[in-house]
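Working notes, beginning with the structure itself.
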Amino acid sequence: ASADKNDVKDGEDPNEDGLVIKYANLAALETVGLKPDEWDRFIAMPDQTGTPKLPENPVVIDLPSDMKGDKKYVGGYSKKIMRGTEEGDDATSIVDAHRWSIERSSLIGGKFVTEVLGVAYAWEEWLIGENVVCRPGGVREERLREEDIEESIKVQAASIRELKEVQGFGNKDQEVIDAVQELMRLKSVLEDLKA
């Protein structure tokens, strides 16, 4: 998604900081719950004078339209961009995103001048609520938390001990082999989360 901060003449800008969306790919549209043919509810199109005009029934997001300080790029950026409903925990947040300043440089009066045009955002996944990780193409998975995986490892290890000590299975029995494979899978998932 790409945004800049402009005065919107025809209609009020619903974003507090004057955010105007100028570009959004299919993943950005999917993030805010829109289909590919609903882009016009998200992107401000210029009128005859070139002034961005807000769409009717717009989807409103909360993203800063400028970079604070001297930073031109930020990685690992996370932000809640849409509030959820009162009934449930369904707020939308981008996670591990990248954001960077969009600039135009030119020579004016013999001086090199850089003008900030806006901020671009890119992300590969987003959260709905706290527990659903989404990716483009309709992928939705339960969010894995380190503490949950650690607890699953403890439960699986106890299950293996129970198989061997109480039920009398040996290391070569299929029940133990399957349980150990699951334990190894859980440990691998935990390593990936910590990486």
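For the structure tokens, the naming scheme is as follows: chains receive sequential letters (A, B, ...) according to their order of presentation, residues are indexed from 1 within each chain, and ligands are indexed from 1 in presentation order.
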| field | Residue contacts of segment 129-137 of chain A (6 Å, only C-alpha atoms) excluding same-chain residues fewer than 4 positions away, as a PyMOL selection string | value | chain A and resi 27+89-91+125+141-143
Can you tell me, as a compact mmCIF listing (two decimals) with all heavy atoms, in the first residue's frame, what residues are no more than 12 Å from Ala158 of chain A when counting only C-alpha atoms, ignoring any on the same chain fewer than 6 positions away?
```txt
# COMPACT_ATOMS: atom_id res chain seq x y z
N GLU A 151 4.58 -25.72 26.21
CA GLU A 151 3.64 -26.55 26.98
C GLU A 151 3.31 -27.84 26.23
O GLU A 151 3.24 -28.92 26.82
CB GLU A 151 2.37 -25.76 27.30
CG GLU A 151 1.35 -26.51 28.12
CD GLU A 151 1.87 -26.94 29.50
OE1 GLU A 151 2.74 -26.25 30.06
OE2 GLU A 151 1.39 -27.97 30.01
N SER A 152 3.12 -27.74 24.92
CA SER A 152 2.85 -28.93 24.12
C SER A 152 4.02 -29.91 24.16
O SER A 152 3.81 -31.13 24.16
CB SER A 152 2.55 -28.54 22.66
OG SER A 152 1.36 -27.81 22.58
N LYS A 164 5.94 -45.57 27.72
CA LYS A 164 7.05 -46.49 28.03
C LYS A 164 6.98 -47.04 29.45
O LYS A 164 7.15 -48.25 29.66
CB LYS A 164 8.37 -45.75 27.81
CG LYS A 164 8.62 -45.42 26.34
CD LYS A 164 9.76 -44.47 26.14
CE LYS A 164 11.07 -45.17 26.15
NZ LYS A 164 12.20 -44.29 25.78
N GLU A 165 6.69 -46.19 30.42
CA GLU A 165 6.75 -46.61 31.82
C GLU A 165 5.47 -47.28 32.31
O GLU A 165 5.53 -48.20 33.12
CB GLU A 165 7.08 -45.42 32.72
CG GLU A 165 8.47 -44.85 32.46
CD GLU A 165 8.73 -43.53 33.17
OE1 GLU A 165 7.86 -43.07 33.95
OE2 GLU A 165 9.81 -42.95 32.93
N VAL A 166 4.32 -46.80 31.86
CA VAL A 166 3.04 -47.34 32.34
C VAL A 166 2.51 -48.42 31.41
O VAL A 166 2.08 -49.48 31.85
CB VAL A 166 2.00 -46.21 32.53
CG1 VAL A 166 0.65 -46.76 32.94
CG2 VAL A 166 2.50 -45.19 33.55
N VAL A 176 5.37 -45.42 20.23
CA VAL A 176 6.47 -44.60 20.75
C VAL A 176 7.16 -43.86 19.60
O VAL A 176 7.47 -42.67 19.72
CB VAL A 176 7.48 -45.47 21.54
CG1 VAL A 176 8.70 -44.65 21.95
CG2 VAL A 176 6.81 -46.08 22.77
N ALA A 179 4.99 -40.96 18.64
CA ALA A 179 5.01 -39.92 19.69
C ALA A 179 6.33 -39.16 19.69
O ALA A 179 6.35 -37.94 19.86
CB ALA A 179 4.75 -40.57 21.05
N VAL A 180 7.45 -39.86 19.47
CA VAL A 180 8.76 -39.20 19.42
C VAL A 180 8.85 -38.30 18.18
O VAL A 180 9.38 -37.19 18.24
CB VAL A 180 9.90 -40.25 19.45
CG1 VAL A 180 11.24 -39.60 19.12
CG2 VAL A 180 9.95 -40.93 20.81
N LEU A 183 7.08 -35.18 19.01
CA LEU A 183 7.90 -34.39 19.92
C LEU A 183 9.00 -33.65 19.14
O LEU A 183 9.23 -32.46 19.37
CB LEU A 183 8.52 -35.28 21.00
CG LEU A 183 9.45 -34.59 22.00
CD1 LEU A 183 8.70 -33.54 22.80
CD2 LEU A 183 10.10 -35.63 22.91
```
| request: Pull the helix (DSSP H, G or I) assignments for chain A out of DSSP run on the backbone, and list those residues as a PyMOL selection string. | output: chain A and resi 26-31+36-41+146-166+174-194
| message | Can you measure atom CA of Glu56 of chain A to atom CA of Arg41 of chain A for me? One decimal in Å is fine. | response | 6.7 Å
| message | Just to confirm, what's the straight-line distance from atom CA of Ser188 of chain A to atom CA of Val74 of chain A in Å (one decimal)? | response | 29.4 Å
| Got a sec to tell me which of segment 55-149 of chain A DSSP assigns to strand (DSSP E), as a VMD selection string? | chain A and resid 73 to 82 92 to 108 111 to 122 125 to 128 132 to 135 139 to 142
